[in-house]
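Novice: Pasting a structure below so you can have a look.
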Amino acid sequence: MVDHVEFASASIVENFIGFWRATGFQRFGLMYGRYEPYSEVPLGVKAVVEAIYEPPQDCAPDAIQLHLPDPQQTSVDKVAGLLGLQLVGLIYLDLLDDGTGTGAVVCRRHAESYFLSSAECIFSAAFQERYPVMTRYASSRRFGSRFVTCVVSGNPDGGIETACYQVSNVGVAMARDGIIEATVEPSLMKVVETSDKQYVPEVFYKYKNGYGIMVKEAAKPTFPVEYLLVTLSHGFPQDPRPQFAPSRSFPTENRGLVFDQPQADLAAVHRHLSGGSNAVLADFHLAVFLAGSHVLDDADLARFAVAAAAGAEPAAAAELEACPGWQTLRALAREAAASTAAAGGASGSSSSSAAAAGGRPSARGPWTCRHCTFVNTSASTDACE
């Protein structure tokens, strides 16, 4: 288990919440970092979060649907390993503006409702089962998990705060063996009934009744979800030294199809690298894009990881600049930026003609859709092809 979750920089969470502020949609992410000793607790362990990867997903104001399996997951894990990081947990938003115009949000998760719903608990348990702690002291060579779950939601004061949890080892085992299942009531977990295919033992839980007496009750058929949760402390370091501190940020992956969010593409690579110091290499989202684009081979990607980890170290950056693969990437990025600029100029010219013709784009020449950036060449200007 983990005792504490530490975000290496406040900007990591701020960038993640910024998606909701810009769109009003919820968001899901996977946290990459490392595990370190936690001196505040004897033999304590803390998860240090250095970056958040946002997998492909469909977002809405009240729902998130992941695209599984994620085709980028292998390349993300690979580049994270080169950067000395590993998957340490998941994080998602559950925010709702209260409508007062003051920036306050609704508090939906509290002691009188729920902290994690039964479905979220089973979802987190599946991740903990997938990422166990490997140890030679257990007969199965695995025991427990250090995978954490973070939820960004509203607090009773109308502010935004992060809560961190783990599912207990008992909860993970019950979810793995199919003993429990989610219910429509988010605060309750259901115990499945014994069938001819599976024997389910009786499940009991204890609580204090109104007279202060400890009572043991059978979970027939449900029991509160919080019996399976372990609450973790969280915070930020007093002297932040994040691994990734670029002078400017590369667009976050898989956001480009949502409203007017910046698109992570080769043109963005050119804009990100042009006119900047070597510090711009220290960007996790840039590393994720380069790993998924397959322009760099494994050796060049390893050199990039060294330069990114070194930050503004001149020697590492100079070695990267001398690589043929990196030079090819820079050339492709320049061409993509030039094509984007040319398409944007054509779009601007078309828009000007549209204003002169009464508000409709001219049918002469290509024009670029401002929503998907597709360059249309047909005479029709009513809709994007």
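Identifiers for the structure tokens are assigned positionally: chains receive A, B, ... in sequence, residues are indexed from 1 per chain, and ligands are indexed from 1 in the order shown.
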Mind checking which residues fall within 7 Å of stretch 167-184 of chain A, counting only C-alpha atoms, ignoring those fewer than 6 positions away in the same chain, and posting them as a list of chain:residue names?

Specialist: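 My reading of the contact set: A:Ser118, A:Ala119, A:Cys121, A:Ile122, A:Ser124, A:Ala125, A:Glu129, A:Gly144, A:Lys190, A:Val191, A:Val192, A:Val200, A:Leu228, A:Leu229, A:Val230.
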
Novice: Name the residues in contact with A:Glu112 at a cut-off of 12 Å, using only C-alpha atoms, excluding same-chain residues fewer than 4 positions from it; report them as an mmCIF file with all heavy atoms, in the first residue's frame.

Specialist:
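Once written, result-v2.cif looks like this:
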```cif
data_model
loop_
_atom_site.group_PDB
_atom_site.id
_atom_site.type_symbol
_atom_site.label_atom_id
_atom_site.label_comp_id
_atom_site.auth_asym_id
_atom_site.auth_seq_id
_atom_site.Cartn_x
_atom_site.Cartn_y
_atom_site.Cartn_z
ATOM 1 N N CYS A 107 -20.490 20.330 -4.306
ATOM 2 C CA CYS A 107 -19.895 19.234 -3.528
ATOM 3 C C CYS A 107 -20.808 18.014 -3.639
ATOM 4 O O CYS A 107 -21.883 17.977 -3.028
ATOM 5 C CB CYS A 107 -19.718 19.652 -2.076
ATOM 6 S SG CYS A 107 -19.029 18.356 -1.025
ATOM 7 N N ARG A 108 -20.386 17.041 -4.420
ATOM 8 C CA ARG A 108 -21.207 15.846 -4.637
ATOM 9 C C ARG A 108 -20.688 14.625 -3.890
ATOM 10 O O ARG A 108 -21.413 13.648 -3.723
ATOM 11 C CB ARG A 108 -21.286 15.538 -6.140
ATOM 12 C CG ARG A 108 -21.991 16.618 -6.930
ATOM 13 C CD ARG A 108 -22.351 16.160 -8.317
ATOM 14 N NE ARG A 108 -21.203 16.115 -9.219
ATOM 15 C CZ ARG A 108 -21.312 15.975 -10.546
ATOM 16 N NH1 ARG A 108 -22.517 15.860 -11.093
ATOM 17 N NH2 ARG A 108 -20.241 15.952 -11.313
ATOM 18 N N PRO A 156 -16.974 20.971 0.507
ATOM 19 C CA PRO A 156 -18.137 21.654 1.101
ATOM 20 C C PRO A 156 -18.078 23.176 1.017
ATOM 21 O O PRO A 156 -19.109 23.845 1.122
ATOM 22 C CB PRO A 156 -18.102 21.180 2.563
ATOM 23 C CG PRO A 156 -17.414 19.858 2.511
ATOM 24 C CD PRO A 156 -16.382 19.994 1.439
ATOM 25 N N PRO A 186 -24.772 4.514 -5.693
ATOM 26 C CA PRO A 186 -23.301 4.571 -5.710
ATOM 27 C C PRO A 186 -22.632 4.271 -4.388
ATOM 28 O O PRO A 186 -21.477 3.838 -4.365
ATOM 29 C CB PRO A 186 -23.023 6.014 -6.160
ATOM 30 C CG PRO A 186 -24.267 6.775 -5.873
ATOM 31 C CD PRO A 186 -25.389 5.801 -6.039
ATOM 32 N N SER A 187 -23.323 4.461 -3.260
ATOM 33 C CA SER A 187 -22.691 4.259 -1.957
ATOM 34 C C SER A 187 -22.747 2.813 -1.474
ATOM 35 O O SER A 187 -22.174 2.504 -0.432
ATOM 36 C CB SER A 187 -23.356 5.161 -0.914
ATOM 37 O OG SER A 187 -24.726 4.816 -0.756
ATOM 38 N N PRO A 224 -21.921 -0.829 2.708
ATOM 39 C CA PRO A 224 -21.345 0.449 2.269
ATOM 40 C C PRO A 224 -19.979 0.280 1.593
ATOM 41 O O PRO A 224 -19.146 -0.513 2.027
ATOM 42 C CB PRO A 224 -21.221 1.257 3.565
ATOM 43 C CG PRO A 224 -22.232 0.640 4.487
ATOM 44 C CD PRO A 224 -22.232 -0.818 4.144
ATOM 45 N N GLU A 226 -17.475 2.311 1.541
ATOM 46 C CA GLU A 226 -16.311 2.809 2.271
ATOM 47 C C GLU A 226 -15.609 1.744 3.097
ATOM 48 O O GLU A 226 -14.474 1.953 3.532
ATOM 49 C CB GLU A 226 -16.697 3.986 3.172
ATOM 50 C CG GLU A 226 -17.827 3.697 4.129
ATOM 51 C CD GLU A 226 -19.153 4.242 3.627
ATOM 52 O OE1 GLU A 226 -19.345 4.290 2.391
ATOM 53 O OE2 GLU A 226 -19.983 4.625 4.459
#
```

Novice: Please produce, as a Markdown table, a per-residue contact table for stretch 214-286 of chain A versus stretch 76-84 of chain A (criterion: any atom at most 12 Å away, only C-alpha atoms considered), showing the nearest atom pair and its distance in Å to one decimal, sorted by chain then residue number.

Specialist:
```
| residue | atom | partner | partner_atom | distance |
| --- | --- | --- | --- | --- |
| A:Gln243 | CA | A:Leu83 | CA | 9.3 |
| A:Phe244 | CA | A:Leu83 | CA | 10.3 |
| A:Glu253 | CA | A:Val76 | CA | 10.9 |
| A:Leu281 | CA | A:Leu83 | CA | 11.9 |
| A:Ala282 | CA | A:Leu83 | CA | 9.9 |
| A:Asp283 | CA | A:Leu83 | CA | 10.6 |
| A:Phe284 | CA | A:Ala80 | CA | 8.3 |
| A:His285 | CA | A:Val76 | CA | 9.7 |
| A:Leu286 | CA | A:Val79 | CA | 10.5 |
```

Novice: Enumerate as number ranges by chain all residues of stretch 53-219 of chain A assigned to strand (DSSP E or B) by DSSP on the backbone, naming them with the chain letters and numbers the document uses.

Specialist: A: 53, 57-60, 63-66, 86-94, 97, 105, 132-134, 142-145, 148-154, 160-167, 180-182, 188-191, 204-208, 214-218

Novice: Using only C-alpha atoms, find the one residue out of A:Pro55, A:Gly292, A:Gly89, A:Pro61 that sits nearest to A:Val151.

Specialist: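 The closest residue to A:Val151 is A:Gly89.
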
Novice: Do a neighbour search on A:Ala264 at 10 Å with only C-alpha atoms, toss out local chain neighbours closer than 2 positions, and write the hits as a ChimeraX atom specification.

Specialist: /A:250-256,261-262,266-269,285-286,288-289

Novice: A:Asp157: which residues within 9 Å, counting only C-alpha atoms, same-chain residues fewer than 3 positions away excluded, as a list in words?

Specialist: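 Here the qualifying residues turn out to be Ala104, Val105, Val106, Cys107, Gly154 and Ile160 of chain A.
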
Novice: Between atom CA of A:Ala308 and atom CA of A:Tyr35, what is the distance in Å, rounded to a tenth?

Specialist: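 These two atoms are separated by 20.3 Å.
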
Novice: Taking the backbone alone, and naming residues the way the document does, which bits of stretch 160-239 of chain A are helix (DSSP H, G or I) by DSSP, as a PyMOL selection string?

Specialist: chain A and resi 169-176+225-228
